[in-house]
file query_18.txt (compact mmCIF, C-alpha atoms)
# COMPACT_ATOMS: atom_id res chain seq x y z
CA MET A 1 85.81 113.55 110.73
CA THR A 2 84.31 112.72 107.32
CA ILE A 3 86.69 110.96 104.95
CA LEU A 4 86.19 110.67 101.19
CA VAL A 5 87.58 107.48 99.63
CA THR A 6 88.15 107.40 95.88
CA GLY A 7 88.26 104.03 94.15
CA ALA A 8 86.07 102.84 97.00
CA THR A 9 84.93 99.58 95.38
CA GLY A 10 88.35 98.54 94.07
CA ASN A 11 90.64 95.83 95.44
CA THR A 12 92.23 98.28 97.88
CA GLY A 13 89.58 100.96 98.31
CA ARG A 14 87.03 98.67 99.89
CA HIS A 15 89.58 97.77 102.57
CA VAL A 16 90.24 101.45 103.30
CA VAL A 17 86.49 101.96 103.70
CA ALA A 18 86.10 98.98 106.04
CA GLU A 19 89.05 99.99 108.21
CA LEU A 20 87.79 103.56 108.58
CA LEU A 21 84.31 102.37 109.49
CA GLY A 22 85.83 100.01 112.03
CA ARG A 23 87.54 102.98 113.63
CA GLY A 24 84.20 104.76 113.96
CA HIS A 25 84.68 107.41 111.29
CA SER A 26 82.17 108.80 108.81
CA VAL A 27 83.05 107.48 105.35
CA ARG A 28 81.94 108.85 101.99
CA ALA A 29 82.57 106.58 99.00
CA LEU A 30 83.12 108.13 95.60
CA THR A 31 81.71 105.87 92.91
CA ARG A 32 80.37 106.05 89.35
CA ASP A 33 77.52 103.71 90.32
CA PRO A 34 76.20 104.27 93.88
CA GLN A 35 73.64 101.48 93.60
CA ARG A 36 76.26 98.90 92.65
CA ALA A 37 78.66 100.24 95.29
CA ALA A 38 76.02 99.92 98.01
CA ALA A 39 75.89 96.18 97.33
CA LEU A 40 79.69 95.86 97.64
CA LEU A 41 80.45 98.07 100.63
CA PRO A 42 79.46 97.78 104.30
CA ALA A 43 76.35 99.42 105.66
CA GLY A 44 76.87 102.91 106.98
CA VAL A 45 78.90 104.24 104.06
CA GLU A 46 77.60 107.40 102.37
CA MET A 47 77.57 106.89 98.60
CA VAL A 48 78.26 109.85 96.35
CA ALA A 49 78.23 109.74 92.56
CA GLY A 50 81.29 110.95 90.71
CA THR A 51 84.79 110.11 89.58
CA HIS A 52 88.13 111.52 90.60
CA THR A 53 89.15 111.67 86.95
CA GLU A 54 86.65 114.53 86.55
CA PRO A 55 87.45 116.92 89.44
CA GLY A 56 84.96 119.50 88.19
CA THR A 57 82.12 117.21 89.28
CA LEU A 58 83.29 116.77 92.88
CA GLU A 59 82.08 119.91 94.68
CA ALA A 60 79.31 118.05 96.50
CA ALA A 61 81.51 115.05 97.23
CA LEU A 62 84.13 117.26 98.91
CA ASP A 63 81.65 119.30 100.96
CA GLY A 64 82.42 118.86 104.65
CA VAL A 65 85.25 116.40 104.04
CA THR A 66 88.35 116.70 106.22
CA GLY A 67 90.23 113.59 105.03
CA LEU A 68 90.80 112.21 101.53
CA HIS A 69 92.15 108.92 100.20
CA ILE A 70 93.24 108.97 96.55
CA THR A 71 93.97 105.88 94.48
CA VAL A 72 96.07 106.69 91.44
CA THR A 73 94.49 104.85 88.53
CA ALA A 74 94.34 105.53 84.79
CA GLY A 75 93.64 109.20 84.20
CA VAL A 76 94.46 110.41 87.70
CA ALA A 77 98.02 111.34 86.72
CA GLU A 78 96.49 114.08 84.58
CA THR A 79 93.62 115.16 86.83
CA GLY A 80 95.29 114.61 90.21
CA PRO A 81 96.71 118.13 90.64
CA GLU A 82 93.28 119.71 90.09
CA LEU A 83 91.66 117.18 92.43
CA VAL A 84 94.17 118.06 95.15
CA ARG A 85 93.66 121.80 94.61
CA GLN A 86 89.90 121.44 94.97
CA ALA A 87 90.25 119.23 98.04
CA VAL A 88 92.46 121.72 99.83
CA ALA A 89 90.15 124.60 98.88
CA ALA A 90 87.21 122.59 100.29
CA GLY A 91 88.94 122.25 103.67
CA VAL A 92 90.55 118.80 103.48
CA GLU A 93 93.24 118.64 106.15
CA ARG A 94 94.78 115.21 105.56
CA ILE A 95 95.40 113.19 102.39
CA THR A 96 96.65 109.67 101.76
CA ILE A 97 97.59 108.69 98.22
CA LEU A 98 98.10 105.18 96.90
CA TRP A 99 100.75 105.76 94.25
CA GLY A 100 100.67 104.51 90.70
CA GLY A 101 104.10 102.87 90.93
CA TYR A 102 106.18 106.05 90.74
CA VAL A 103 105.97 109.67 91.90
CA GLY A 104 103.99 111.38 89.13
CA PRO A 105 101.95 114.59 88.92
CA ALA A 106 99.25 113.46 91.36
CA GLU A 107 101.76 112.28 93.96
CA THR A 108 103.75 115.49 93.60
CA ALA A 109 100.64 117.64 93.97
CA VAL A 110 99.77 115.86 97.21
CA ALA A 111 103.29 116.38 98.59
CA GLU A 112 103.11 120.08 97.70
CA SER A 113 99.52 120.56 98.91
CA GLY A 114 100.36 122.26 102.19
CA VAL A 115 98.25 119.80 104.21
CA ALA A 116 99.26 116.65 106.09
CA TRP A 117 99.88 113.85 103.57
CA THR A 118 101.09 110.27 103.47
CA ARG A 119 102.11 108.37 100.35
CA LEU A 120 101.51 104.63 100.28
CA GLU A 121 103.95 102.77 98.03
CA PRO A 122 102.95 99.09 97.77
CA GLN A 123 105.03 97.08 95.33
CA GLU A 124 102.87 94.11 94.30
CA PHE A 125 99.46 93.07 95.58
CA MET A 126 98.44 89.56 96.49
CA SER A 127 95.26 90.14 94.49
CA ASN A 128 97.30 90.07 91.27
CA ALA A 129 96.87 86.31 91.58
CA LEU A 130 93.21 86.80 90.67
CA THR A 131 94.32 87.26 87.06
CA TRP A 132 95.14 83.53 87.08
CA ARG A 133 91.56 82.43 87.71
CA GLY A 134 90.62 81.77 84.09
CA SER A 135 93.54 79.51 83.23
CA ILE A 136 93.36 77.74 86.58
CA ARG A 137 89.67 76.95 86.12
CA THR A 138 89.95 75.78 82.53
CA GLU A 139 93.43 74.26 82.33
CA GLY A 140 94.93 73.99 85.81
CA VAL A 141 97.85 76.15 84.69
CA VAL A 142 99.39 79.55 85.47
CA ARG A 143 101.45 81.22 82.73
CA GLU A 144 103.84 84.04 83.60
CA PRO A 145 107.14 85.19 82.09
CA PHE A 146 109.26 85.21 85.27
CA ASP A 147 109.71 83.20 88.46
CA LEU A 148 111.38 85.79 90.67
CA PRO A 149 110.71 86.51 94.35
CA SER A 150 108.24 89.23 95.33
CA ALA A 151 107.08 90.13 98.84
CA VAL A 152 103.46 90.58 97.81
CA VAL A 153 101.29 92.60 100.21
CA HIS A 154 97.73 91.93 101.36
CA GLU A 155 95.31 94.67 100.27
CA GLY A 156 93.75 94.59 103.73
CA ASP A 157 97.07 95.58 105.27
CA LEU A 158 97.28 98.53 102.91
CA GLY A 159 93.75 99.54 103.92
CA ALA A 160 94.74 99.38 107.57
CA VAL A 161 97.82 101.55 107.01
CA ALA A 162 95.76 104.10 105.04
CA ALA A 163 93.19 104.32 107.85
CA LEU A 164 95.97 104.74 110.39
CA ALA A 165 97.59 107.58 108.44
CA LEU A 166 94.24 109.32 107.93
CA THR A 167 93.18 109.22 111.55
CA GLU A 168 96.29 109.31 113.74
CA GLU A 169 99.20 111.69 114.19
CA GLY A 170 102.79 110.91 113.27
CA HIS A 171 102.45 110.03 109.59
CA ALA A 172 102.50 113.43 107.88
CA GLY A 173 105.09 113.86 105.16
CA ARG A 174 105.93 110.15 105.11
CA ALA A 175 106.24 107.77 102.17
CA TYR A 176 105.77 104.16 103.24
CA ASN A 177 107.06 101.23 101.20
CA LEU A 178 104.55 98.45 101.84
CA ASN A 179 105.30 94.81 101.21
CA GLY A 180 104.41 91.45 102.69
CA PRO A 181 106.18 89.17 105.17
CA GLN A 182 107.54 86.64 102.63
CA ALA A 183 109.46 86.88 99.38
CA LEU A 184 107.69 84.31 97.20
CA THR A 185 108.44 83.31 93.64
CA THR A 186 105.55 82.93 91.23
CA SER A 187 105.86 79.14 91.38
CA ALA A 188 105.80 79.24 95.19
CA ARG A 189 102.54 81.19 95.12
CA VAL A 190 101.12 78.71 92.63
CA ASP A 191 102.08 75.86 94.97
CA ILE A 192 100.26 77.58 97.87
CA LEU A 193 97.16 77.98 95.71
CA SER A 194 97.41 74.36 94.56
CA ALA A 195 97.56 73.06 98.14
CA ALA A 196 94.62 75.22 99.24
CA LEU A 197 92.45 74.20 96.28
CA GLY A 198 93.37 70.53 96.59
CA ARG A 199 94.24 70.19 92.92
CA GLU A 200 97.38 70.28 90.85
CA ILE A 201 98.18 73.64 89.26
CA VAL A 202 101.14 73.79 86.88
CA PHE A 203 103.35 76.86 86.51
CA GLU A 204 104.36 77.42 82.90
CA GLN A 205 106.95 80.05 82.05
CA ILE A 206 106.30 82.08 78.91
CA GLY A 207 108.28 84.75 77.07
CA GLY A 208 108.11 88.43 77.91
CA GLU A 209 106.65 89.36 74.54
CA ALA A 210 103.94 86.73 74.97
CA ALA A 211 103.04 88.35 78.29
CA VAL A 212 102.90 91.77 76.63
CA GLY A 213 100.69 90.37 73.87
CA ARG A 214 98.30 88.91 76.42
CA MET A 215 97.91 92.32 78.08
CA LEU A 216 97.37 94.02 74.73
CA ARG A 217 94.49 91.60 74.03
CA GLU A 218 93.02 92.65 77.39
CA GLY A 219 92.92 96.27 76.24
CA ILE A 220 96.03 97.50 78.05
CA SER A 221 98.22 99.95 76.15
CA ARG A 222 101.60 98.73 74.89
CA ALA A 223 103.41 101.30 77.03
CA ASP A 224 101.67 100.10 80.19
CA ALA A 225 102.09 96.42 79.26
CA GLU A 226 105.81 96.83 78.61
CA TYR A 227 106.20 98.76 81.87
CA VAL A 228 104.52 95.99 83.89
CA VAL A 229 106.46 93.17 82.21
CA GLY A 230 109.71 95.12 82.55
CA TRP A 231 109.06 95.67 86.25
CA HIS A 232 108.53 91.95 86.80
CA ALA A 233 111.71 91.17 84.87
CA ASP A 234 113.76 93.05 87.46
CA PRO A 235 111.76 93.86 90.61
CA PRO A 236 113.34 96.51 92.85
CA ALA A 237 114.74 95.60 96.25
CA GLU A 238 111.68 97.24 97.83
CA ALA A 239 109.58 94.51 96.23
CA ARG A 240 111.91 91.57 96.83
CA ILE A 241 112.95 92.13 100.45
CA PRO A 242 110.34 92.21 103.27
CA ASP A 243 111.09 95.33 105.30
CA GLY A 244 108.63 95.04 108.20
CA THR A 245 106.96 98.43 107.64
CA VAL A 246 103.46 96.95 107.81
CA GLU A 247 104.24 95.12 111.05
CA ARG A 248 105.84 98.20 112.59
CA LEU A 249 102.95 100.50 111.73
CA LEU A 250 100.09 98.14 112.59
CA ARG A 251 101.83 96.48 115.55
CA ARG A 252 100.76 93.04 114.38
CA PRO A 253 102.03 90.49 111.85
CA ALA A 254 101.47 91.25 108.19
CA ARG A 255 99.05 88.86 106.52
CA THR A 256 100.61 86.08 104.46
CA PHE A 257 99.78 84.89 100.96
CA ALA A 258 98.37 81.72 102.53
CA ASP A 259 96.02 83.95 104.55
CA TRP A 260 94.94 85.69 101.35
CA VAL A 261 94.35 82.40 99.54
CA ALA A 262 92.21 81.10 102.41
CA GLU A 263 90.02 84.21 102.05
CA HIS A 264 89.70 84.00 98.25
CA LYS A 265 89.95 80.33 97.25
CA ASP A 266 86.23 80.14 96.45
CA ARG A 267 86.90 82.63 93.63
CA TYR A 268 88.97 79.98 91.82

call {"tool": "encode", "arguments": {"input": "query_18.txt", "output": "structure tokens"}}
result
Amino acid sequence: MTILVTGATGNTGRHVVAELLGRGHSVRALTRDPQRAAALLPAGVEMVAGTHTEPGTLEAALDGVTGLHITVTAGVAETGPELVRQAVAAGVERITILWGGYVGPAETAVAESGVAWTRLEPQEFMSNALTWRGSIRTEGVVREPFDLPSAVVHEGDLGAVAALALTEEGHAGRAYNLNGPQALTTSARVDILSAALGREIVFEQIGGEAAVGRMLREGISRADAEYVVGWHADPPAEARIPDGTVERLLRRPARTFADWVAEHKDRY
């Protein structure tokens, strides 16, 4: 089985790649920059140039592929249906799709593809805490508009679930809500980071419009910024309440935020 992973060098894609390699499968990584990707991904991965936002360029990438992992990022909502059509025509038999936060055109195309599919629906990633690095380094402060609980999920657990769904039976036609083992407020996550780094980090609550403005300055569209801030103002139950799906599927404990911090504290 050869599996094509889109978004292979991203926060989640690299974990999908590693898990598939660990299971002994042939992995093809789709990347705009194969040379850069080769330095980020494990040995043994086949690099192929291209982007899933331009499906017309993917004939070679899809050749001989029987499994496909799609990460819905900017632009994929529009190009996803054509990507799925080409994948099925090329002989792909199984697809996993990491949703973009809701069931849009790409997610719908996968569900209607006629091949085995699994939709992965994580709520909030632990790696979102990486956006705090700048203010932690320079000021020892984290600024966010809300201090509500969220059962953040480890990207490695998502990668493990994706690899499971791509390589084992029993997951076709399923949509899996994926969250972590603890519902942690923003301030609680900051406290865990503070303890691991051995320095005081202050949580400072800011207004919602200030948070939107910050995202606009980072180049994010107003619509996307308001969506993200609105989501955090009232997270759904699927985000707030640990449901044990990761543990049930992987037959091991889900990784905690403290585990994640121990792996990434040198990045702060």

call {"tool": "residues_around", "arguments": {"input": "query_18.txt", "residues": "A:Pro253", "least_positions_apart": "5", "cutoff": "8 Å", "atoms": "only C-alpha atoms", "output": "list in words"}}
result
Pro181, Val246 and Glu247 of chain A

call {"tool": "atom_distance", "arguments": {"input": "query_18.txt", "atom1": "atom CA of A:Ala43", "atom2": "atom CA of A:Thr12"}}
result
17.7 Å

call {"tool": "residues_around", "arguments": {"input": "query_18.txt", "residues": "stretch 256-259 of chain A", "least_positions_apart": "4", "cutoff": "12 Å", "atoms": "all atoms listed in the file", "output": "PDB file with C-alpha atoms, in the coordinates of the input"}}
result
ATOM      1  CA  GLU A 124     102.870  94.110  94.300  1.00  0.00           C
ATOM      2  CA  PHE A 125      99.460  93.070  95.580  1.00  0.00           C
ATOM      3  CA  MET A 126      98.440  89.560  96.490  1.00  0.00           C
ATOM      4  CA  SER A 127      95.260  90.140  94.490  1.00  0.00           C
ATOM      5  CA  ASN A 128      97.300  90.070  91.270  1.00  0.00           C
ATOM      6  CA  ALA A 129      96.870  86.310  91.580  1.00  0.00           C
ATOM      7  CA  SER A 150     108.240  89.230  95.330  1.00  0.00           C
ATOM      8  CA  ALA A 151     107.080  90.130  98.840  1.00  0.00           C
ATOM      9  CA  VAL A 152     103.460  90.580  97.810  1.00  0.00           C
ATOM     10  CA  VAL A 153     101.290  92.600 100.210  1.00  0.00           C
ATOM     11  CA  HIS A 154      97.730  91.930 101.360  1.00  0.00           C
ATOM     12  CA  GLU A 155      95.310  94.670 100.270  1.00  0.00           C
ATOM     13  CA  GLY A 156      93.750  94.590 103.730  1.00  0.00           C
ATOM     14  CA  ASP A 157      97.070  95.580 105.270  1.00  0.00           C
ATOM     15  CA  ASN A 179     105.300  94.810 101.210  1.00  0.00           C
ATOM     16  CA  GLY A 180     104.410  91.450 102.690  1.00  0.00           C
ATOM     17  CA  PRO A 181     106.180  89.170 105.170  1.00  0.00           C
ATOM     18  CA  GLN A 182     107.540  86.640 102.630  1.00  0.00           C
ATOM     19  CA  ALA A 183     109.460  86.880  99.380  1.00  0.00           C
ATOM     20  CA  LEU A 184     107.690  84.310  97.200  1.00  0.00           C
ATOM     21  CA  THR A 185     108.440  83.310  93.640  1.00  0.00           C
ATOM     22  CA  THR A 186     105.550  82.930  91.230  1.00  0.00           C
ATOM     23  CA  ALA A 188     105.800  79.240  95.190  1.00  0.00           C
ATOM     24  CA  ARG A 189     102.540  81.190  95.120  1.00  0.00           C
ATOM     25  CA  VAL A 190     101.120  78.710  92.630  1.00  0.00           C
ATOM     26  CA  ASP A 191     102.080  75.860  94.970  1.00  0.00           C
ATOM     27  CA  ILE A 192     100.260  77.580  97.870  1.00  0.00           C
ATOM     28  CA  LEU A 193      97.160  77.980  95.710  1.00  0.00           C
ATOM     29  CA  SER A 194      97.410  74.360  94.560  1.00  0.00           C
ATOM     30  CA  ALA A 195      97.560  73.060  98.140  1.00  0.00           C
ATOM     31  CA  ALA A 196      94.620  75.220  99.240  1.00  0.00           C
ATOM     32  CA  LEU A 197      92.450  74.200  96.280  1.00  0.00           C
ATOM     33  CA  PRO A 242     110.340  92.210 103.270  1.00  0.00           C
ATOM     34  CA  VAL A 246     103.460  96.950 107.810  1.00  0.00           C
ATOM     35  CA  GLU A 247     104.240  95.120 111.050  1.00  0.00           C
ATOM     36  CA  GLU A 263      90.020  84.210 102.050  1.00  0.00           C
ATOM     37  CA  HIS A 264      89.700  84.000  98.250  1.00  0.00           C
ATOM     38  CA  LYS A 265      89.950  80.330  97.250  1.00  0.00           C
TER      39      LYS A 265
END

call {"tool": "closest_residue", "arguments": {"input": "query_18.txt", "among": "A:Pro55, A:Leu178, A:Ala29, A:His232", "to": "A:Ala160", "atoms": "all atoms listed in the file"}}
result
A:Leu178

call {"tool": "residues_near_point", "arguments": {"input": "query_18.txt", "point": "(85.6, 123.1, 100.5)", "cutoff": "12 Å", "atoms": "only C-alpha atoms", "output": "PyMOL selection string"}}
result
chain A and resi 58-67+83-93

call {"tool": "atom_distance", "arguments": {"input": "query_18.txt", "atom1": "atom CA of A:Ile241", "atom2": "atom CA of A:Tyr102"}}
result
18.3 Å

call {"tool": "residues_around", "arguments": {"input": "query_18.txt", "residues": "A:Ala106", "least_positions_apart": "2", "cutoff": "8 Å", "atoms": "all atoms listed in the file", "output": "mmCIF file with C-alpha atoms, keeping the file's coordinate frame"}}
result
data_model
loop_
_atom_site.group_PDB
_atom_site.id
_atom_site.type_symbol
_atom_site.label_atom_id
_atom_site.label_comp_id
_atom_site.auth_asym_id
_atom_site.auth_seq_id
_atom_site.Cartn_x
_atom_site.Cartn_y
_atom_site.Cartn_z
ATOM 1 C CA VAL A 72 96.070 106.690 91.440
ATOM 2 C CA VAL A 76 94.460 110.410 87.700
ATOM 3 C CA ALA A 77 98.020 111.340 86.720
ATOM 4 C CA GLU A 78 96.490 114.080 84.580
ATOM 5 C CA THR A 79 93.620 115.160 86.830
ATOM 6 C CA GLY A 80 95.290 114.610 90.210
ATOM 7 C CA PRO A 81 96.710 118.130 90.640
ATOM 8 C CA VAL A 84 94.170 118.060 95.150
ATOM 9 C CA VAL A 103 105.970 109.670 91.900
ATOM 10 C CA GLY A 104 103.990 111.380 89.130
ATOM 11 C CA THR A 108 103.750 115.490 93.600
ATOM 12 C CA ALA A 109 100.640 117.640 93.970
ATOM 13 C CA VAL A 110 99.770 115.860 97.210
#

call {"tool": "closest_residue", "arguments": {"input": "query_18.txt", "among": "A:Gly56, A:Ile136, A:Arg119, A:Ala8", "to": "A:Ala38", "atoms": "all atoms listed in the file"}}
result
A:Ala8

call {"tool": "residues_around", "arguments": {"input": "query_18.txt", "residues": "A:Leu68", "least_positions_apart": "5", "cutoff": "7 Å", "atoms": "only C-alpha atoms", "output": "JSON, numbers by chain"}}
result
{"A": [3, 4, 5, 92, 94, 95, 96]}

call {"tool": "closest_residue", "arguments": {"input": "query_18.txt", "among": "A:Glu19, A:Glu121, A:Glu209, A:Asp243", "to": "A:Tyr227", "atoms": "all atoms listed in the file"}}
result
A:Glu209

call {"tool": "axis_aligned_box", "arguments": {"input": "query_18.txt", "around": "stretch 32-47 of chain A", "padding_each_side": "3 Å", "output": "JSON"}}
result
{"center_x": 77.0, "center_y": 101.6, "center_z": 98.2, "size_x": 12.8, "size_y": 17.5, "size_z": 23.6}

call {"tool": "atom_distance", "arguments": {"input": "query_18.txt", "atom1": "atom CA of A:Gly207", "atom2": "atom CA of A:Pro149"}}
result
17.5 Å

call {"tool": "residues_around", "arguments": {"input": "query_18.txt", "residues": "A:Ile97", "least_positions_apart": "6", "cutoff": "7 Å", "atoms": "all atoms listed in the file", "output": "number ranges by chain"}}
result
A: 69-71, 107, 118-120

call {"tool": "residues_near_point", "arguments": {"input": "query_18.txt", "point": "(93.8, 104.2, 107.0)", "cutoff": "9 Å", "atoms": "all atoms listed in the file", "output": "number ranges by chain"}}
result
A: 15-17, 19-20, 69, 96, 158-168

call {"tool": "write_last_selection", "arguments": {"input": "query_18.txt", "atoms": "C-alpha atoms", "output": "PDB file, in the coordinates of the input"}}
result
ATOM      1  CA  HIS A  15      89.580  97.770 102.570  1.00  0.00           C
ATOM      2  CA  VAL A  16      90.240 101.450 103.300  1.00  0.00           C
ATOM      3  CA  VAL A  17      86.490 101.960 103.700  1.00  0.00           C
ATOM      4  CA  GLU A  19      89.050  99.990 108.210  1.00  0.00           C
ATOM      5  CA  LEU A  20      87.790 103.560 108.580  1.00  0.00           C
ATOM      6  CA  HIS A  69      92.150 108.920 100.200  1.00  0.00           C
ATOM      7  CA  THR A  96      96.650 109.670 101.760  1.00  0.00           C
ATOM      8  CA  LEU A 158      97.280  98.530 102.910  1.00  0.00           C
ATOM      9  CA  GLY A 159      93.750  99.540 103.920  1.00  0.00           C
ATOM     10  CA  ALA A 160      94.740  99.380 107.570  1.00  0.00           C
ATOM     11  CA  VAL A 161      97.820 101.550 107.010  1.00  0.00           C
ATOM     12  CA  ALA A 162      95.760 104.100 105.040  1.00  0.00           C
ATOM     13  CA  ALA A 163      93.190 104.320 107.850  1.00  0.00           C
ATOM     14  CA  LEU A 164      95.970 104.740 110.390  1.00  0.00           C
ATOM     15  CA  ALA A 165      97.590 107.580 108.440  1.00  0.00           C
ATOM     16  CA  LEU A 166      94.240 109.320 107.930  1.00  0.00           C
ATOM     17  CA  THR A 167      93.180 109.220 111.550  1.00  0.00           C
ATOM     18  CA  GLU A 168      96.290 109.310 113.740  1.00  0.00           C
TER      19      GLU A 168
END

call {"tool": "closest_residue", "arguments": {"input": "query_18.txt", "among": "A:Ser135, A:Gln123, A:Thr31, A:Thr73", "to": "A:Trp231", "atoms": "all atoms listed in the file"}}
result
A:Gln123
